[in-house]
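Asks: Below you'll find run10.cif; it's mmCIF, C-alpha atoms.
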```cif
data_structure
loop_
_atom_site.label_atom_id
_atom_site.label_comp_id
_atom_site.auth_asym_id
_atom_site.auth_seq_id
_atom_site.Cartn_x
_atom_site.Cartn_y
_atom_site.Cartn_z
CA MET A 11 14.54 -28.81 -9.45
CA GLU A 12 11.57 -26.96 -8.07
CA THR A 13 10.21 -24.33 -10.41
CA VAL A 14 9.34 -20.87 -9.16
CA GLU A 15 6.00 -19.82 -10.60
CA PRO A 16 6.19 -16.36 -12.21
CA LYS A 17 4.36 -13.82 -10.10
CA ALA A 18 4.91 -10.32 -8.81
CA TYR A 19 5.75 -9.70 -5.21
CA ASN A 20 3.12 -8.64 -2.71
CA SER A 21 3.30 -7.05 0.71
CA GLN A 22 3.33 -10.36 2.55
CA VAL A 23 6.37 -12.27 3.78
CA GLY A 24 8.42 -13.93 1.10
CA ALA A 25 7.54 -11.10 -1.27
CA LEU A 26 9.17 -10.77 -4.68
CA ALA A 27 10.10 -7.38 -6.11
CA ALA A 28 8.98 -5.97 -9.46
CA ILE A 29 10.77 -2.66 -8.93
CA ALA A 30 14.19 -2.02 -7.40
CA ALA A 31 16.15 1.13 -6.62
CA GLY A 32 19.91 0.93 -6.34
CA TYR A 33 22.73 3.33 -5.74
CA ARG A 34 22.03 5.35 -8.87
CA GLN A 35 19.84 3.06 -10.97
CA THR A 36 16.20 1.97 -11.12
CA ILE A 37 15.11 -1.46 -12.33
CA GLY A 38 11.64 -2.56 -13.43
CA LEU A 39 10.28 -6.03 -14.14
CA LYS A 40 7.67 -6.09 -16.89
CA SER A 41 4.68 -8.40 -17.02
CA ASP A 42 6.25 -10.35 -19.89
CA GLY A 43 9.31 -11.26 -17.81
CA THR A 44 11.66 -8.74 -19.43
CA VAL A 45 13.46 -6.01 -17.50
CA VAL A 46 13.99 -2.28 -18.01
CA ALA A 47 16.54 -0.01 -16.37
CA ALA A 48 17.33 3.67 -15.99
CA GLY A 49 20.28 5.50 -14.49
CA ASP A 50 24.01 5.06 -14.05
CA ASN A 51 25.52 2.27 -16.16
CA LYS A 52 29.22 2.79 -15.49
CA TYR A 53 29.73 -0.86 -14.57
CA GLY A 54 27.01 -2.34 -16.77
CA GLN A 55 24.46 -2.49 -13.95
CA CYS A 56 21.73 -1.45 -16.39
CA ASP A 57 22.61 -4.05 -19.05
CA VAL A 58 19.41 -6.04 -18.55
CA SER A 59 17.81 -5.71 -21.99
CA GLY A 60 18.56 -9.33 -22.80
CA TRP A 61 17.01 -10.77 -19.66
CA ARG A 62 14.00 -13.02 -20.11
CA GLY A 63 11.79 -15.13 -17.88
CA MET A 64 12.41 -13.03 -14.78
CA VAL A 65 10.13 -13.07 -11.72
CA ALA A 66 11.97 -10.60 -9.44
CA VAL A 67 14.69 -7.97 -9.49
CA ALA A 68 17.05 -6.44 -6.93
CA ALA A 69 19.56 -3.59 -7.07
CA GLY A 70 22.65 -3.04 -4.97
CA ASN A 71 22.24 0.00 -2.79
CA ALA A 72 24.95 1.98 -1.07
CA HIS A 73 25.50 5.25 0.68
CA THR A 74 28.40 5.69 -1.69
CA GLY A 75 30.09 3.48 -4.25
CA ASN A 76 29.21 1.39 -7.26
CA SER A 77 26.36 -1.01 -7.86
CA HIS A 78 25.08 -4.21 -9.42
CA THR A 79 21.69 -5.61 -10.47
CA ILE A 80 20.23 -9.04 -9.77
CA GLY A 81 17.43 -10.92 -11.50
CA LEU A 82 15.60 -14.03 -10.31
CA LYS A 83 14.46 -16.33 -13.10
CA SER A 84 11.34 -18.47 -13.19
CA ASP A 85 13.46 -21.64 -13.01
CA GLY A 86 15.01 -20.58 -9.69
CA THR A 87 18.36 -19.50 -11.15
CA VAL A 88 19.84 -16.02 -10.82
CA ALA A 89 21.40 -13.53 -13.23
CA ALA A 90 23.67 -10.62 -12.31
CA VAL A 91 25.27 -7.63 -14.04
CA GLY A 92 27.36 -4.73 -12.84
CA TRP A 93 30.22 -4.10 -10.47
CA ASN A 94 31.86 -7.38 -9.42
CA LYS A 95 35.04 -6.39 -7.58
CA HIS A 96 34.05 -8.49 -4.56
CA ASP A 97 32.46 -11.37 -6.55
CA GLN A 98 28.97 -10.10 -5.72
CA CYS A 99 27.83 -11.13 -9.20
CA ASP A 100 29.10 -14.71 -8.96
CA VAL A 101 25.66 -16.31 -8.73
CA SER A 102 25.67 -18.49 -11.83
CA GLY A 103 25.68 -21.68 -9.74
CA TRP A 104 22.70 -20.76 -7.60
CA ARG A 105 19.65 -22.99 -7.85
CA ASP A 106 16.20 -23.33 -6.24
CA MET A 107 16.03 -19.64 -5.36
CA VAL A 108 12.73 -17.98 -4.43
CA SER A 109 13.95 -14.49 -3.54
CA VAL A 110 17.04 -12.31 -3.94
CA ALA A 111 18.47 -9.19 -2.31
CA ALA A 112 21.40 -6.97 -3.22
CA GLY A 113 23.45 -4.91 -0.80
CA TRP A 114 26.65 -2.95 -1.06
CA ARG A 115 29.21 -5.33 -2.62
CA ARG A 116 27.19 -8.50 -2.02
CA THR A 117 24.19 -10.57 -3.10
CA VAL A 118 21.91 -12.65 -0.88
CA GLY A 119 19.59 -15.43 -2.02
CA LEU A 120 16.73 -17.23 -0.28
CA LYS A 121 16.30 -20.88 -1.27
CA SER A 122 13.06 -22.85 -1.50
CA ASP A 123 14.03 -24.84 1.60
CA GLY A 124 14.28 -21.69 3.75
CA THR A 125 18.06 -21.54 3.80
CA VAL A 126 20.13 -18.56 2.65
CA VAL A 127 23.28 -18.09 0.57
CA ALA A 128 25.44 -15.01 0.07
CA VAL A 129 28.41 -13.91 -2.03
CA GLY A 130 30.55 -10.79 -1.96
CA ARG A 131 32.31 -8.67 0.62
CA ASN A 132 32.30 -10.31 4.06
CA ASN A 133 34.65 -8.10 6.06
CA GLU A 134 32.00 -7.47 8.69
CA GLY A 135 30.46 -10.95 8.59
CA GLN A 136 27.49 -9.83 6.51
CA CYS A 137 27.68 -12.98 4.36
CA GLU A 138 27.70 -15.40 7.31
CA VAL A 139 24.20 -16.73 6.72
CA SER A 140 24.90 -20.42 6.09
CA GLY A 141 23.33 -21.40 9.40
CA TRP A 142 20.04 -19.60 8.80
CA ARG A 143 16.93 -21.77 8.61
CA ASP A 144 13.17 -21.32 8.17
CA MET A 145 13.58 -17.99 6.39
CA VAL A 146 10.80 -16.39 4.35
CA ALA A 147 12.49 -13.11 3.31
CA VAL A 148 15.93 -11.52 3.16
CA THR A 149 17.21 -7.98 2.75
CA ALA A 150 20.67 -6.47 2.53
CA GLY A 151 21.98 -3.15 3.80
CA ASP A 152 25.44 -1.75 3.28
CA TRP A 153 27.20 -3.77 5.98
CA HIS A 154 24.49 -5.97 7.45
CA THR A 155 22.09 -8.67 6.25
CA VAL A 156 18.63 -9.25 7.68
CA GLY A 157 16.43 -12.32 7.50
CA LEU A 158 12.75 -12.77 8.39
CA LYS A 159 11.83 -16.16 9.83
CA SER A 160 8.59 -18.07 9.34
CA ASP A 161 7.65 -17.45 12.98
CA GLY A 162 7.76 -13.68 12.52
CA THR A 163 11.08 -13.15 14.27
CA VAL A 164 14.16 -11.60 12.67
CA THR A 165 17.85 -12.48 12.51
CA THR A 166 20.86 -10.47 11.34
CA ALA A 167 24.52 -10.79 10.40
CA GLY A 168 27.20 -8.15 9.96
CA ASN A 169 28.12 -4.75 11.32
CA ASN A 170 26.20 -3.51 14.37
CA ARG A 171 28.11 -0.33 15.17
CA TYR A 172 24.95 1.78 15.24
CA GLY A 173 22.58 -0.86 16.61
CA GLN A 174 21.20 -1.75 13.19
CA CYS A 175 21.24 -5.43 14.20
CA ASN A 176 19.39 -4.96 17.51
CA ILE A 177 16.29 -6.83 16.42
CA SER A 178 16.28 -9.74 18.88
CA GLY A 179 13.06 -8.54 20.50
CA TRP A 180 11.11 -8.14 17.27
CA ARG A 181 8.01 -10.31 16.95
CA ASN A 182 5.03 -10.63 14.59
CA MET A 183 6.92 -9.24 11.61
CA ARG A 184 5.64 -9.51 8.05
CA ALA A 185 8.46 -7.70 6.19
CA VAL A 186 11.94 -6.29 6.75
CA ALA A 187 14.10 -3.72 4.97
CA ALA A 188 17.74 -2.74 5.45
CA GLY A 189 19.31 0.63 4.68
CA TYR A 190 22.84 1.98 5.03
CA LEU A 191 22.99 1.78 8.82
CA HIS A 192 19.39 1.12 9.85
CA THR A 193 16.86 -1.71 9.77
CA VAL A 194 13.09 -1.41 9.41
CA GLY A 195 10.42 -3.95 10.26
CA LEU A 196 6.75 -4.06 9.28
CA LYS A 197 4.53 -5.74 11.84
CA THR A 198 1.40 -7.77 11.13
CA ASP A 199 -0.75 -5.01 12.64
CA GLY A 200 0.46 -2.47 10.08
CA THR A 201 2.80 -0.58 12.41
CA VAL A 202 6.52 -0.16 11.78
CA VAL A 203 9.65 -0.36 13.95
CA ALA A 204 13.20 0.71 13.18
CA VAL A 205 16.65 0.46 14.76
CA GLY A 206 20.07 1.84 13.91
CA TRP A 207 21.56 5.17 12.95
CA ASN A 208 18.95 7.91 13.15
CA LYS A 209 20.88 11.10 12.45
CA ARG A 210 18.60 11.84 9.48
CA ASP A 211 15.41 10.76 11.33
CA GLN A 212 15.17 7.71 9.09
CA CYS A 213 14.02 5.63 12.07
CA ASP A 214 11.17 7.96 13.08
CA VAL A 215 8.40 5.58 12.06
CA SER A 216 6.70 4.90 15.38
CA GLY A 217 3.61 6.87 14.38
CA TRP A 218 3.00 5.05 11.13
CA ARG A 219 -0.23 3.05 10.81
CA ASP A 220 -1.96 0.97 8.11
CA ILE A 221 1.34 0.20 6.37
CA VAL A 222 1.41 -2.74 3.93
CA ALA A 223 4.96 -2.49 2.55
CA ILE A 224 8.25 -0.81 3.46
CA ALA A 225 11.50 0.17 1.76
CA ALA A 226 14.75 1.47 3.21
CA GLY A 227 17.08 3.75 1.29
CA SER A 228 20.52 4.74 2.40
CA ASN A 229 19.25 7.35 4.85
CA HIS A 230 15.49 7.42 4.35
CA THR A 231 12.56 5.08 4.93
CA THR A 232 9.40 4.71 2.88
CA GLY A 233 6.08 3.13 3.76
CA LEU A 234 3.16 2.16 1.52
CA LYS A 235 -0.22 2.59 3.15
CA SER A 236 -3.28 0.42 2.59
CA ASP A 237 -5.01 3.28 0.77
CA GLY A 238 -2.25 3.48 -1.87
CA THR A 239 -0.57 6.58 -0.49
CA VAL A 240 3.09 6.72 0.56
CA VAL A 241 4.85 8.14 3.61
CA ALA A 242 8.56 8.81 3.95
CA VAL A 243 11.00 10.01 6.60
CA GLY A 244 14.70 10.73 6.69
CA TRP A 245 17.23 12.49 4.50
CA ASN A 246 15.45 14.64 1.93
CA GLU A 247 18.22 16.71 0.37
CA HIS A 248 17.26 15.54 -3.12
CA GLY A 249 13.50 15.40 -2.51
CA GLN A 250 13.52 11.62 -2.09
CA CYS A 251 10.88 11.89 0.65
CA ASN A 252 8.49 14.04 -1.40
CA THR A 253 5.87 11.33 -1.85
CA SER A 254 2.91 12.93 -0.09
CA ASP A 255 1.02 13.49 -3.33
CA TRP A 256 1.40 9.91 -4.60
CA CYS A 257 -1.74 7.81 -4.91
CA ASP A 258 -2.79 4.44 -6.32
CA VAL A 259 0.65 3.02 -5.45
CA VAL A 260 0.99 -0.75 -5.01
CA ALA A 261 4.75 -1.11 -4.38
CA VAL A 262 7.68 1.04 -3.29
CA ALA A 263 11.47 0.89 -3.55
CA ALA A 264 14.14 3.14 -2.07
CA GLY A 265 17.61 3.75 -3.44
CA CYS A 266 20.56 5.75 -2.21
CA ALA A 267 18.85 9.10 -2.69
CA HIS A 268 15.70 8.39 -4.70
CA THR A 269 12.34 6.70 -4.16
CA VAL A 270 10.29 4.74 -6.68
CA GLY A 271 6.61 3.81 -6.69
CA LEU A 272 4.72 1.32 -8.83
CA LYS A 273 1.17 2.42 -9.58
CA SER A 274 -1.87 0.21 -10.01
CA ASP A 275 -1.90 0.84 -13.78
CA GLY A 276 1.62 -0.57 -14.22
CA THR A 277 3.31 2.81 -14.55
CA VAL A 278 6.11 4.08 -12.30
CA VAL A 279 6.79 7.33 -10.46
CA ALA A 280 10.08 8.47 -8.93
CA VAL A 281 11.43 11.36 -6.86
CA GLY A 282 14.86 12.30 -5.61
CA ARG A 283 18.34 12.51 -7.08
CA ASN A 284 18.22 12.26 -10.85
CA ASN A 285 21.73 13.27 -11.89
CA GLU A 286 22.23 9.93 -13.61
CA GLY A 287 18.67 9.62 -14.96
CA GLN A 288 17.57 7.12 -12.33
CA CYS A 289 14.20 8.87 -12.02
CA ASP A 290 13.51 8.91 -15.77
CA VAL A 291 10.82 6.25 -15.57
CA SER A 292 7.76 8.18 -16.75
CA GLY A 293 7.66 6.20 -20.00
CA TRP A 294 7.64 2.79 -18.35
CA ARG A 295 4.53 0.70 -18.89
CA SER A 296 3.27 -2.80 -18.05
CA ILE A 297 5.43 -3.24 -14.96
CA LEU A 298 4.39 -6.44 -13.19
CA LEU A 299 1.75 -5.80 -10.55
CA PRO A 300 1.48 -7.56 -7.18
CA GLY A 301 -0.26 -10.90 -7.41
CA LYS A 302 -0.20 -11.03 -11.21
#
```
As structure tokens - that is how I would like this structure written.

Replies:
Amino acid sequence: METVEPKAYNSQVGALAAIAAGYRQTIGLKSDGTVVAAGDNKYGQCDVSGWRGMVAVAAGNAHTGNSHTIGLKSDGTVAAVGWNKHDQCDVSGWRDMVSVAAGWRRTVGLKSDGTVVAVGRNNEGQCEVSGWRDMVAVTAGDWHTVGLKSDGTVTTAGNNRYGQCNISGWRNMRAVAAGYLHTVGLKTDGTVVAVGWNKRDQCDVSGWRDIVAIAAGSNHTTGLKSDGTVVAVGWNEHGQCNTSDWCDVVAVAAGCAHTVGLKSDGTVVAVGRNNEGQCDVSGWRSILLPGK
């Protein structure tokens, strides 16, 4: 079996994630391959203290509901904890994985051969990815799944009620992110596009420039700029878009109603809803940096 070399994600296609923001939890991958968590643990979604040899993490997001946490191991296998009502944590048989994503009630995995697997709720067809080929990245929203192909185009599966799957014309993409009912794409020229539900202005990204990474929360969108600052649009009831004073950031993640940033010194900052302690990350250290 092909071994996945331990390394942090970067802003390029096929990126791995060292921080993840879920419904009401935050997950961090440390440089030694262990994992830390903060926030709601009602279903055991923060029970990651025993994880070892991890190279990426993902957290199930949702506009409402429960959550789970996924970890990609250096040997290409996957671990999962948390809510499993729809079998979204049944990943023990997965092999040769190079990336993972967690949505509402499901888990998606990208294999080393560019194919994709998914488990969990499939009522809207969001797990119908068996025919996907030549993929370099995957992301999962609440009811739709998005895949980035090696040629820079994008494919989707699942619910399209609000146009969140209207990506057929997208070209020259380097990253994708899926929220509750919207989809965001980062282009190779550093600009950003978005489709789907825009009641909270979460798709108002047309003016963004010099973006190197993106993250989509339930109803907000975050962009990391090349100078280490962060921009955000969308629902801000809990202050989840209050990132204008952030600097030296190298990665971003967006949860249901909070936003997380990984700084160049391996520390983490967070803003937004903190009722369950999901923003209590000020003591975190040695989180895995991009390219390390």

Asks: Excluding A:Thr232 and any residue of its chain fewer than 3 positions from it, enumerate the residues within 6 Å of it, using all atoms listed in the file, and give them as a PyMOL selection string.

Replies: chain A and resi 224-225+241-242

Asks: Using all atoms listed in the file, I'd like a table of the residues in stretch 78-106 of chain A that come within 6 Å of stretch 128-132 of chain A; for each, show the closest atom pair and its distance in Å rounded to one decimal, ordered by chain and ascending number, as a Markdown table.

Replies:
```
| residue | atom | partner | partner_atom | distance |
| --- | --- | --- | --- | --- |
| A:His96 | CA | A:Gly130 | CA | 4.9 |
| A:Asp97 | CA | A:Gly130 | CA | 5.0 |
| A:Gln98 | CA | A:Gly130 | CA | 4.1 |
```

Asks: How would you write, as a list of chain:residue names, the residues chosen by the PyMOL selection byres ((chain A and resi 99-112) around 6) on this structure?

Replies: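 Listing what the PyMOL selection byres ((chain A and resi 99-112) around 6) selects in the shown file: A:Ala68, A:Ala69, A:Gly70, A:Gly86, A:Thr87, A:Ala90, A:Asn94, A:Asp97, A:Gln98, A:Gly113, A:Thr117, A:Val118, A:Gly119, A:Leu120, A:Lys121, A:Ser122, A:Thr149, A:Ala150.
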
Asks: Could I get the residues of stretch 15-100 of chain A with an atom no further than 9 Å from an atom of stretch 249-269 of chain A, each paired with its nearest atom pair and that distance in Å to one decimal, using all atoms listed in the file, sorted by chain and residue number, as a Markdown table?

Replies:
```
| residue | atom | partner | partner_atom | distance |
| --- | --- | --- | --- | --- |
| A:Tyr19 | CA | A:Ala261 | CA | 8.7 |
| A:Asn20 | CA | A:Ala261 | CA | 7.9 |
| A:Ser21 | CA | A:Ala261 | CA | 8.0 |
| A:Ala27 | CA | A:Ala261 | CA | 8.4 |
| A:Ala28 | CA | A:Ala261 | CA | 8.2 |
| A:Ile29 | CA | A:Ala263 | CA | 6.5 |
| A:Ala30 | CA | A:Ala263 | CA | 5.5 |
| A:Ala31 | CA | A:Gly265 | CA | 4.4 |
| A:Gly32 | CA | A:Gly265 | CA | 4.7 |
| A:Tyr33 | CA | A:Cys266 | CA | 4.8 |
| A:Arg34 | CA | A:Cys266 | CA | 6.8 |
| A:Gln35 | CA | A:Gly265 | CA | 7.9 |
| A:Thr36 | CA | A:Gly265 | CA | 8.0 |
| A:Ala69 | CA | A:Gly265 | CA | 8.4 |
| A:Gly70 | CA | A:Gly265 | CA | 8.6 |
| A:Asn71 | CA | A:Gly265 | CA | 6.0 |
| A:Ala72 | CA | A:Cys266 | CA | 5.9 |
| A:His73 | CA | A:Cys266 | CA | 5.7 |
| A:Thr74 | CA | A:Cys266 | CA | 7.9 |
```

Asks: Run the PyMOL selection byres ((chain A and resi 167) around 9) mentally over the shown coordinates, then write out the matched residues as a list in words, using the chain letters and numbers from the document.

Replies: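 With the shown file as input, the PyMOL selection byres ((chain A and resi 167) around 9) matches Glu134, Gly135, Gln136, Cys137, Glu138, Val139, Trp153, His154, Thr155, Val156, Gly157, Thr165, Thr166, Gly168, Asn169, Asn170 and Cys175 of chain A.
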
Asks: Could you tell me how far atom CA of A:Trp180 lies from atom CA of A:Leu82, in Å and to one decimal?

Replies: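 We find that atom CA of A:Trp180 and atom CA of A:Leu82 lie 28.6 Å from each other.
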
Asks: Which residues, protein or nucleic acid, reach to within 7 Å of (11.5, -5.0, -14.2) in the file's coordinates when using only C-alpha atoms, and can you give that as a VMD selection string?

Replies: chain A and resid 28 to 29 37 to 40 44 to 46 67 297

Asks: Step by step, work through what the PyMOL selection byres ((chain A and resi 191) around 9) selects in the shown file, and finish by giving those residues as a PyMOL selection string.

Replies: chain A and resi 151-154+169-174+188-190+192-193+205-208+228-229

Asks: Choose the residue, out of A:Met145, A:Leu272, A:Ala226, A:Val164, that has the smallest atom-to-atom separation from A:Gln212; count all atoms listed in the file.

Replies: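 Closest residue, counting all atoms listed in the file: A:Ala226.
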
Asks: Using only the atoms of stretch 185-188 of chain A listed in the file, plus 8 Å on each side, state the axis-aligned box centre and edge lengths in Å rounded to one decimal, as JSON.

Replies:
```
{"center_x": 13.1, "center_y": -5.2, "center_z": 5.9, "size_x": 25.3, "size_y": 21.0, "size_z": 17.8}
```

Asks: Excluding A:Ser41 and residues on its chain fewer than 3 positions from it, collect all residues at most 12 Å away from it, counting all atoms listed in the file, and give them as a ChimeraX atom specification.

Replies: /A:16-19,28-29,38,44-46,62-66,275-277,294-302

Asks: Rank nothing, just name the residue among A:Ala204, A:Ile80, A:Leu196, A:Val279 nearest to A:Asn176, using all atoms listed in the file.

Replies: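 Comparing A:Ala204, A:Ile80, A:Leu196, A:Val279 against A:Asn176, the winner is A:Ala204.
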
Asks: Give me, as an MDAnalysis selection string, all polymer residues having an atom no more than 12 Å from A:Ile221, counting all atoms listed in the file and skipping those fewer than 2 positions away in the same chain.

Replies: chainID A and resid 21:22 184:185 195:203 215:219 223:225 232:242 260:262
